[in-house]
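What follows is my_file.txt (compact mmCIF, C-alpha atoms).
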```
# COMPACT_ATOMS: atom_id res chain seq x y z
CA MET K 19 71.75 47.76 -6.42
CA LYS K 20 74.14 47.87 -3.47
CA PHE K 21 77.31 47.87 -5.59
CA LEU K 22 76.04 49.92 -8.53
CA HIS K 23 78.60 52.67 -7.88
CA LEU K 24 81.41 50.08 -8.05
CA ILE K 25 80.07 48.60 -11.31
CA TRP K 26 79.72 52.06 -12.86
CA ALA K 27 83.23 53.02 -11.76
CA ASN K 28 84.62 49.91 -13.49
CA LEU K 29 82.90 50.86 -16.75
CA ARG K 30 84.29 54.38 -16.53
CA ARG K 31 87.83 53.16 -16.01
CA LYS K 32 88.52 53.08 -19.78
CA LYS K 33 86.00 55.58 -21.08
CA THR K 34 86.96 55.43 -24.75
CA ARG K 35 86.80 51.64 -24.85
CA THR K 36 83.46 51.59 -23.05
CA VAL K 37 81.95 54.26 -25.31
CA LEU K 38 83.06 52.50 -28.48
CA THR K 39 81.69 49.18 -27.26
CA LEU K 40 78.45 50.89 -26.25
CA LEU K 41 78.13 52.50 -29.68
CA SER K 42 78.64 49.16 -31.42
CA ILE K 43 75.77 47.70 -29.38
CA VAL K 44 73.59 50.73 -30.13
CA VAL K 45 74.22 50.40 -33.88
CA ALA K 46 73.39 46.69 -33.74
CA PHE K 47 70.03 47.35 -32.11
CA VAL K 48 69.22 50.23 -34.47
CA LEU K 49 69.79 47.81 -37.35
CA TYR K 50 67.61 45.27 -35.56
CA GLY K 51 64.84 47.86 -35.32
CA PHE K 52 64.99 48.74 -39.02
CA LEU K 53 64.99 45.10 -40.10
CA SER K 54 62.07 44.36 -37.77
CA ALA K 55 60.10 47.25 -39.29
CA ILE K 56 60.85 46.05 -42.84
CA LYS K 57 59.84 42.50 -41.93
CA GLN K 58 56.64 43.83 -40.37
CA ALA K 59 55.87 45.83 -43.51
CA LEU K 60 56.32 42.85 -45.80
CA THR K 61 54.85 40.04 -43.73
CA GLY K 62 53.01 41.67 -40.84
CA GLY K 63 49.58 41.18 -42.39
CA VAL K 64 50.07 37.45 -42.66
CA SER K 65 49.25 36.66 -39.05
CA LEU K 66 46.72 39.43 -38.58
CA GLU K 67 44.37 39.05 -41.52
CA GLY K 68 40.97 37.55 -40.90
CA ALA K 69 41.20 33.84 -40.24
CA ASN K 70 37.83 33.41 -41.95
CA ARG K 71 38.82 34.95 -45.29
CA LEU K 72 40.15 33.20 -48.37
CA ILE K 73 41.58 34.59 -51.60
CA VAL K 74 40.51 33.02 -54.89
CA ARG K 75 42.68 33.81 -57.90
CA HIS K 76 43.35 32.33 -61.32
CA LYS K 77 45.25 29.06 -61.07
CA VAL K 78 47.92 30.19 -63.54
CA SER K 79 48.74 33.65 -62.19
CA ILE K 80 47.34 36.60 -60.27
CA ILE K 81 47.50 38.66 -63.47
CA GLN K 82 44.99 36.34 -65.17
CA LEU K 83 41.38 37.51 -64.79
CA LEU K 84 38.32 35.61 -63.57
CA PRO K 85 34.67 36.00 -64.63
CA GLU K 86 32.52 38.29 -62.51
CA SER K 87 29.84 35.58 -62.65
CA TYR K 88 31.93 33.36 -60.35
CA LYS K 89 30.63 35.31 -57.37
CA GLN K 90 27.14 33.79 -57.51
CA ARG K 91 28.54 30.28 -57.89
CA MET K 92 30.93 30.73 -54.99
CA GLU K 93 28.22 31.88 -52.62
CA LYS K 94 26.29 28.64 -53.29
CA ILE K 95 29.23 26.48 -52.17
CA PRO K 96 28.71 24.93 -48.70
CA GLY K 97 30.70 26.81 -46.08
CA VAL K 98 30.93 30.09 -48.01
CA ALA K 99 29.18 33.02 -46.30
CA SER K 100 29.89 35.73 -48.88
CA ALA K 101 32.24 36.73 -51.68
CA THR K 102 33.43 39.96 -53.24
CA HIS K 103 36.06 40.87 -55.80
CA GLN K 104 38.88 43.32 -56.50
CA THR K 105 40.96 44.09 -59.59
CA TRP K 106 44.45 45.52 -59.81
CA PHE K 107 44.31 48.96 -61.42
CA GLY K 108 48.04 49.80 -61.57
CA GLY K 109 47.63 53.56 -61.58
CA ILE K 110 50.21 56.33 -61.23
CA TYR K 111 49.70 59.69 -59.55
CA GLN K 112 52.21 62.38 -60.63
CA ASP K 113 55.30 60.17 -60.30
CA PRO K 114 55.76 56.39 -60.86
CA LYS K 115 57.91 56.30 -57.70
CA LYS K 116 54.97 57.45 -55.58
CA PHE K 117 53.40 54.04 -55.49
CA PHE K 118 50.12 53.18 -53.79
CA MET K 119 47.46 50.61 -54.53
CA GLN K 120 44.18 51.41 -56.32
CA ASN K 121 41.49 48.79 -56.84
CA PRO K 122 37.90 48.86 -58.13
CA VAL K 123 35.47 47.18 -55.73
CA VAL K 124 31.76 46.84 -55.04
CA PRO K 125 31.40 49.32 -52.14
CA GLU K 126 28.82 47.65 -49.89
CA GLU K 127 30.24 44.16 -50.36
CA PHE K 128 33.80 45.37 -49.85
CA LEU K 129 33.12 47.27 -46.62
CA LYS K 130 31.14 44.36 -45.21
CA MET K 131 33.96 41.96 -46.04
CA HIS K 132 36.63 44.22 -44.47
CA PRO K 133 35.35 45.54 -41.12
CA GLU K 134 38.89 46.71 -40.27
CA ILE K 135 38.30 49.63 -42.67
CA ILE K 136 36.55 52.43 -40.79
CA LEU K 137 34.58 54.91 -42.91
CA ALA K 138 32.24 57.60 -41.57
CA PRO K 139 28.52 56.94 -42.37
CA GLU K 140 28.12 60.11 -44.43
CA GLN K 141 31.22 59.25 -46.46
CA ARG K 142 29.95 55.74 -47.01
CA GLN K 143 26.67 57.15 -48.31
CA ALA K 144 28.51 59.57 -50.58
CA TRP K 145 30.48 56.68 -52.05
CA LEU K 146 27.27 54.76 -52.77
CA THR K 147 25.72 57.71 -54.57
CA THR K 148 28.74 59.10 -56.47
CA ARG K 149 29.57 57.03 -59.53
CA THR K 150 33.09 58.41 -59.88
CA GLY K 151 33.58 58.41 -56.12
CA ALA K 152 36.62 56.91 -54.42
CA ILE K 153 37.77 56.44 -50.85
CA VAL K 154 41.41 56.67 -49.84
CA GLY K 155 43.35 55.66 -46.75
CA ARG K 156 44.45 58.26 -44.22
CA LYS K 157 48.18 57.79 -44.92
CA THR K 158 47.84 58.43 -48.63
CA ALA K 159 45.46 61.34 -48.10
CA GLU K 160 48.00 63.00 -45.80
CA ARG K 161 50.87 62.13 -48.11
CA PHE K 162 49.33 63.89 -51.12
CA GLU K 163 47.37 66.43 -49.05
CA TRP K 164 44.08 65.21 -50.48
CA LYS K 165 40.79 66.17 -48.91
CA ILE K 166 37.18 65.22 -49.45
CA GLY K 167 35.86 66.89 -52.57
CA ASP K 168 39.14 66.78 -54.50
CA LYS K 169 39.17 65.48 -58.06
CA VAL K 170 42.18 63.19 -58.52
CA PRO K 171 43.66 62.17 -61.90
CA ILE K 172 45.21 58.68 -62.01
CA GLN K 173 47.12 57.41 -65.03
CA SER K 174 46.57 53.67 -65.37
CA SER K 175 49.40 51.54 -66.71
CA ILE K 176 46.98 48.70 -67.55
CA TRP K 177 43.44 49.87 -68.23
CA SER K 178 42.35 52.29 -70.91
CA LYS K 179 38.94 53.86 -71.26
CA LYS K 180 36.74 53.34 -74.27
CA ASP K 181 37.97 56.59 -75.78
CA GLY K 182 41.54 55.21 -75.69
CA SER K 183 42.71 57.40 -72.83
CA TYR K 184 44.59 55.94 -69.87
CA LEU K 185 43.81 58.93 -67.66
CA TRP K 186 41.04 58.37 -65.12
CA GLU K 187 39.56 60.96 -62.78
CA PHE K 188 38.03 60.16 -59.40
CA ASP K 189 36.21 62.26 -56.80
CA ILE K 190 37.49 61.76 -53.26
CA VAL K 191 34.32 61.22 -51.21
CA GLY K 192 35.82 59.51 -48.14
CA ILE K 193 39.01 59.03 -46.14
CA PHE K 194 39.09 55.79 -44.19
CA GLU K 195 40.92 54.90 -41.00
CA GLY K 196 42.25 51.56 -39.83
CA ARG K 197 40.68 49.66 -36.97
CA ASP K 198 44.14 48.78 -35.66
CA LYS K 199 47.75 49.67 -36.39
CA ASN K 200 48.19 46.79 -38.79
CA THR K 201 45.42 47.94 -41.11
CA ASP K 202 46.81 49.27 -44.38
CA THR K 203 45.57 52.84 -44.86
CA THR K 204 47.43 53.57 -48.10
CA PRO K 205 45.14 52.12 -50.83
CA MET K 206 42.44 53.89 -52.82
CA PHE K 207 39.23 52.05 -53.68
CA PHE K 208 36.72 53.14 -56.31
CA ARG K 209 33.51 51.75 -57.75
CA TYR K 210 33.67 48.67 -59.93
CA ASP K 211 30.48 49.52 -61.85
CA PHE K 212 32.00 52.80 -63.04
CA PHE K 213 35.28 51.06 -63.92
CA ASP K 214 33.65 48.15 -65.75
CA GLU K 215 31.42 50.42 -67.80
CA ALA K 216 34.21 52.81 -68.76
CA ARG K 217 37.09 50.41 -69.55
CA ARG K 218 37.80 49.32 -73.10
CA GLY K 219 38.69 45.67 -72.48
CA GLY K 220 38.07 42.96 -69.92
CA THR K 221 34.43 43.83 -69.29
CA GLY K 222 32.81 41.40 -66.85
CA GLN K 223 36.13 40.14 -65.52
CA VAL K 224 37.83 40.71 -62.17
CA GLY K 225 41.24 40.16 -60.62
CA TRP K 226 40.52 38.00 -57.59
CA TYR K 227 37.86 37.19 -55.02
CA THR K 228 37.82 37.46 -51.26
CA VAL K 229 35.64 34.76 -49.71
CA ARG K 230 34.39 34.72 -46.13
CA VAL K 231 33.89 31.24 -44.68
CA GLN K 232 31.17 30.44 -42.18
CA ASP K 233 33.34 28.29 -39.92
CA THR K 234 36.91 29.41 -39.11
CA ALA K 235 37.80 25.77 -38.42
CA ARG K 236 37.07 24.74 -42.03
CA PRO K 237 38.93 27.17 -44.35
CA ALA K 238 41.06 24.45 -45.96
CA GLU K 239 37.99 22.31 -46.67
CA VAL K 240 36.11 25.26 -48.17
CA ALA K 241 39.14 26.18 -50.30
CA LYS K 242 39.13 22.70 -51.84
CA LEU K 243 35.40 22.95 -52.56
CA VAL K 244 35.86 26.29 -54.30
CA ASP K 245 38.65 24.99 -56.52
CA ALA K 246 36.65 21.84 -57.26
CA GLU K 247 33.71 23.98 -58.41
CA PHE K 248 35.78 25.51 -61.22
CA GLU K 249 37.98 22.53 -62.02
CA ASN K 250 38.39 21.78 -65.74
CA SER K 251 36.82 25.12 -66.67
CA SER K 252 38.43 27.81 -68.80
CA TYR K 253 39.19 29.75 -65.63
CA GLU K 254 40.45 27.30 -63.02
CA THR K 255 41.15 28.76 -59.59
CA LYS K 256 43.62 28.56 -56.76
CA THR K 257 42.19 29.29 -53.32
CA GLU K 258 44.33 30.02 -50.29
CA ALA K 259 44.13 31.70 -46.90
CA GLU K 260 44.42 35.47 -47.02
CA GLY K 261 47.58 35.30 -44.93
CA ALA K 262 49.19 32.89 -47.38
CA PHE K 263 48.23 35.21 -50.25
CA VAL K 264 49.98 38.14 -48.53
CA GLN K 265 52.98 35.93 -47.79
CA ALA K 266 53.23 34.98 -51.48
CA TRP K 267 53.48 38.65 -52.42
CA ALA K 268 56.25 39.17 -49.86
CA LYS K 269 58.18 36.11 -51.01
CA GLN K 270 58.53 37.56 -54.48
CA ILE K 271 61.62 39.37 -53.14
CA GLY K 272 62.84 36.43 -51.06
CA ASP K 273 62.36 34.72 -47.72
CA ILE K 274 62.15 37.82 -45.53
CA ALA K 275 62.36 35.91 -42.25
CA LEU K 276 65.51 34.06 -43.34
CA ILE K 277 67.15 37.21 -44.72
CA THR K 278 66.44 39.13 -41.51
CA ALA K 279 67.64 36.30 -39.28
CA SER K 280 70.85 35.89 -41.29
CA ILE K 281 71.76 39.56 -41.11
CA LEU K 282 70.94 39.86 -37.43
CA GLY K 283 72.80 36.64 -36.64
CA ALA K 284 75.98 37.96 -38.25
CA VAL K 285 75.67 41.35 -36.54
CA PHE K 286 75.00 40.01 -33.06
CA PHE K 287 77.73 37.38 -33.33
CA THR K 288 80.19 40.19 -34.07
CA ILE K 289 78.86 42.27 -31.18
CA LEU K 290 79.11 39.22 -28.94
CA LEU K 291 82.82 38.94 -29.70
CA VAL K 292 83.45 42.67 -29.27
CA THR K 293 81.60 42.99 -25.98
CA GLY K 294 83.02 39.74 -24.62
CA ASN K 295 86.54 40.90 -25.41
CA THR K 296 85.88 44.23 -23.69
CA ILE K 297 84.66 42.63 -20.48
CA SER K 298 87.45 40.02 -20.48
CA GLN K 299 90.11 42.66 -20.93
CA SER K 300 88.56 44.74 -18.16
CA VAL K 301 88.65 41.78 -15.78
CA ARG K 302 92.28 40.99 -16.65
CA GLU K 303 93.30 44.57 -15.95
CA ARG K 304 91.65 44.45 -12.53
CA THR K 305 92.98 41.07 -11.39
CA GLY K 306 94.76 42.58 -8.39
CA GLU K 307 91.74 44.65 -7.37
CA LEU K 308 89.44 41.67 -7.65
CA GLY K 309 91.80 39.66 -5.47
CA LEU K 310 91.73 42.45 -2.89
CA LEU K 311 87.93 42.39 -2.87
CA LYS K 312 88.00 38.66 -2.21
CA ALA K 313 90.58 39.22 0.53
CA ILE K 314 88.32 41.63 2.40
CA GLY K 315 85.37 39.26 2.33
CA PHE K 316 83.67 39.25 -1.08
CA THR K 317 82.32 35.79 -1.82
CA ASN K 318 82.66 33.87 -5.08
CA ALA K 319 78.97 34.47 -5.79
CA GLN K 320 79.39 38.21 -5.30
CA MET K 321 82.37 38.29 -7.65
CA LEU K 322 80.36 36.41 -10.26
CA ALA K 323 77.43 38.79 -9.85
CA LEU K 324 79.63 41.91 -10.06
CA VAL K 325 81.14 41.00 -13.41
CA LEU K 326 77.83 39.75 -14.86
CA ALA K 327 76.12 42.95 -13.69
CA GLU K 328 78.83 45.00 -15.40
CA SER K 329 78.38 43.26 -18.76
CA CYS K 330 74.59 43.32 -18.45
CA LEU K 331 74.56 47.03 -17.63
CA LEU K 332 76.65 47.78 -20.70
CA ALA K 333 74.54 45.55 -22.98
CA VAL K 334 71.16 46.71 -21.65
CA LEU K 335 72.17 50.39 -21.81
CA GLY K 336 73.27 49.95 -25.42
CA GLY K 337 70.12 47.95 -26.19
CA VAL K 338 67.77 50.55 -24.70
CA LEU K 339 69.50 53.41 -26.55
CA GLY K 340 69.52 51.46 -29.82
CA LEU K 341 65.89 50.34 -29.56
CA GLY K 342 64.82 53.86 -28.60
CA ALA K 343 66.64 55.34 -31.59
CA ALA K 344 65.15 52.71 -33.90
CA TRP K 345 61.65 53.40 -32.60
CA LEU K 346 62.04 57.14 -33.16
CA LEU K 347 63.46 56.69 -36.66
CA THR K 348 60.81 54.19 -37.78
CA SER K 349 57.97 56.25 -36.28
CA HIS K 350 58.27 58.74 -39.13
CA GLY K 351 56.69 56.21 -41.48
CA ASP K 352 57.61 54.41 -44.65
CA PRO K 353 60.99 55.64 -46.01
CA THR K 354 60.21 54.21 -49.48
CA GLY K 355 57.31 56.58 -50.11
CA GLY K 356 54.47 54.08 -49.97
CA MET K 357 56.10 50.79 -50.95
CA LEU K 358 55.97 49.57 -47.33
CA PRO K 359 52.64 50.82 -45.93
CA LEU K 360 52.79 48.76 -42.71
CA TYR K 361 56.30 49.94 -41.85
CA PHE K 362 56.69 50.34 -38.09
CA PHE K 363 58.65 48.82 -35.18
CA PRO K 364 56.25 46.33 -33.51
CA ALA K 365 55.99 46.34 -29.70
CA ARG K 366 56.62 42.59 -29.59
CA ASP K 367 59.95 43.09 -31.35
CA VAL K 368 60.87 45.89 -28.94
CA LEU K 369 60.31 43.51 -26.02
CA ALA K 370 62.26 40.80 -27.85
CA GLY K 371 65.08 43.30 -28.33
CA LEU K 372 65.18 44.05 -24.60
CA ALA K 373 65.36 40.33 -23.86
CA MET K 374 68.18 40.00 -26.41
CA SER K 375 70.15 42.78 -24.72
CA VAL K 376 69.92 41.00 -21.36
CA ALA K 377 70.95 37.72 -23.01
CA LEU K 378 73.85 39.50 -24.70
CA GLY K 379 75.05 40.80 -21.34
CA LEU K 380 74.80 37.40 -19.68
CA VAL K 381 76.57 35.52 -22.49
CA THR K 382 79.41 38.04 -22.90
CA GLY K 383 79.95 38.32 -19.16
CA LEU K 384 79.72 34.67 -18.22
CA PHE K 385 83.29 33.57 -19.03
CA PRO K 386 85.00 36.65 -17.48
CA ALA K 387 82.72 36.29 -14.44
CA LEU K 388 83.75 32.66 -13.98
CA GLN K 389 87.40 33.72 -14.21
CA ALA K 390 86.84 36.33 -11.49
CA MET K 391 85.00 33.84 -9.30
CA ARG K 392 87.78 31.24 -9.55
CA LEU K 393 90.54 33.78 -8.95
CA ARG K 394 92.92 32.80 -6.12
CA VAL K 395 93.65 35.61 -3.68
CA ALA K 396 97.36 34.85 -3.36
CA ASP K 397 97.91 34.82 -7.13
CA SER K 398 95.98 38.00 -7.73
CA LEU K 399 97.64 39.98 -4.92
CA ARG K 400 101.06 39.39 -6.48
CA ARG K 401 99.95 41.60 -9.42
CA ILE K 402 99.18 44.64 -7.30
```
Show the structure stored in the file as structure tokens.
Amino acid sequence: MKFLHLIWANLRRKKTRTVLTLLSIVVAFVLYGFLSAIKQALTGGVSLEGANRLIVRHKVSIIQLLPESYKQRMEKIPGVASATHQTWFGGIYQDPKKFFMQNPVVPEEFLKMHPEIILAPEQRQAWLTTRTGAIVGRKTAERFEWKIGDKVPIQSSIWSKKDGSYLWEFDIVGIFEGRDKNTDTTPMFFRYDFFDEARRGGTGQVGWYTVRVQDTARPAEVAKLVDAEFENSSYETKTEAEGAFVQAWAKQIGDIALITASILGAVFFTILLVTGNTISQSVRERTGELGLLKAIGFTNAQMLALVLAESCLLAVLGGVLGLGAAWLLTSHGDPTGGMLPLYFFPARDVLAGLAMSVALGLVTGLFPALQAMRLRVADSLRRI
């Protein structure tokens, strides 16, 4: 820019004031980055799960079990391509605070239903042939330094074995990767046949079903058919889109979107006032100089652009530094030790943050810029 040196000189005029204002903007965008990462962790899967998958659970509660025999009946319903089940295991490894999900599944059905889970062919084969075999996501494997061949003890808080023990041992036969960044690579999955045979209670029952529909345009219709199939039975069902199921889990701690928006709204409103006051005070202090610039030929449009550019430079610089710091801090992974497996700063939110910094600069600089543009030369020169 032709007048960049002039804009930069104006910002350096009161260095302490500029630095403090810059730091307040940086802190605001760091907070924005953390809140975006938390929101992504809690609700990010909602929009990215397969549009052709439904979750079928007990109508009363997710903790109520369903018969394993429902699978065959579901697959006969028009519009259903396939179905498979999972059950919440609720296990603990070493420390209750080191949470991660473990579920028994039917290996072939599960992998076919979830193509986003990438498992090497030899590891897949090992899982099919090892009764006590389990596969674990890359994040959890790295977290606990597990490797293929390890024998892992998991203390279940729900399921006991027939001998009365709650301690289960699994052989790690595979470590799976995620097809994309939004694939959760923290769970552990083990064989349902081994689990069902070894557990003391609940034999022949499962936690919930995942159903793949044949036509992605008909999930709501298929969901109604599934629920109608089991209506008035001892185990009535509630069927919903997989995204809605994930959203329901997230909403157990509140409306994440509303909480995030409320916090960010309060923060950015405060920053708006702080930055606006800084730019306004800077313009008032330079009234005589601005009048001199107009006297030597600067147009009203140029005066407007100079002040807007000054506020935008300050806001964008603070935004870039804040977003960069937030990206670096959130790149180290989940700070809760596994409670937020999809914790990262999404690229779309980074771009939104950049747009917000530009908007912040324009809004805070608009009123002072209009004052500078309307400044009368004779009045301003009296203050020199």
(message) Give me the residues near region 123-136 of chain K as a ChimeraX atom specification, where near means some atom within 8 Å (using only C-alpha atoms) and where sequence neighbours in that chain fewer than 6 positions away do not count.
(response) /K:100-105,145-146,194-198,201,207-211,228,230
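Selection around (40.3, 54.8, -51.3) with radius 9 Å, counting all atoms listed in the file, yields the residues Met119, Gln120, Asn121, Ala152, Ile153, Val154, Gly155, Arg156, Thr158, Ala159, Ile190, Val191, Gly192, Ile193, Phe194, Thr203, Thr204, Pro205, Met206, Phe207 and Phe208 of chain K.
If you look at CA of Gln82 (chain K) and CA of Tyr253 (chain K), they are 8.8 Å away from each other.
In this model, the gap between CA of Trp164 (chain K) and CA of Phe212 (chain K) comes to 21.4 Å.
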(message) Env of Ala323 (chain K): 8 Å cut, atoms = all atoms listed in the file, seq-sep filter 4 positions within chain, self excluded. Answer as an NGL selection string.
(response) :K and (319 or 327 or 387)
(message) Rounded to one decimal, what separation in Å do you get between CA of Ser175 (chain K) and CA of Pro114 (chain K)?
(response)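 A separation of 9.9 Å between them.
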(request) Counting only C-alpha atoms, figure out which residue out of K:Val48, K:Ala238, K:Leu384, K:Ala259 gets nearest to Arg75 (chain K). (result)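 Ranked by minimum distance to Arg75 (chain K), first place goes to K:Ala259.
The environment of region 345-348 of chain K within 7 Å, counting all atoms listed in the file and disregarding residues fewer than 3 places along the same chain, consists of Gly51, Phe52, Leu341, Gly342, Gly351, Phe362 and Phe363 of chain K.
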(request) Name the closest residue to Phe248 (chain K) among the candidates K:Leu380, K:Met374, K:Ile95, K:Leu324; distances are taken between atoms, counting all atoms listed in the file. (result)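 Nearest candidate to Phe248 (chain K) out of K:Leu380, K:Met374, K:Ile95, K:Leu324: K:Ile95.
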(message) Tell me which residues come within 12 Å of (34.0, 48.9, -66.9), as a PyMOL selection string, counting all atoms listed in the file in the file's coordinates.
(response) chain K and resi 86+105+107+122-123+149-150+177-180+186+208-224
(message) Calculated over all atoms listed in the file, which of the candidates K:Val376, K:Ala344, K:Val37, K:Leu322 has the smallest distance to Met391 (chain K)?
(response)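 Nearest candidate to Met391 (chain K) out of K:Val376, K:Ala344, K:Val37, K:Leu322: K:Leu322.
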(request) Go through K:Trp106, K:Glu140, K:Ser251, K:Met321 and flag the residue nearest Ile176 (chain K), using all atoms listed in the file for the distances. (result)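 Looking at the shortest contact to Ile176 (chain K), the residue is K:Trp106.
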(message) Would you pick out the contacts of Ile281 (chain K) at 12 Å or less, using all atoms listed in the file, so that residues sharing its chain but fewer than 3 positions from it are not included, and give the list as a PyMOL selection string?
(response) chain K and resi 46+49-50+52-54+274-278+284-288
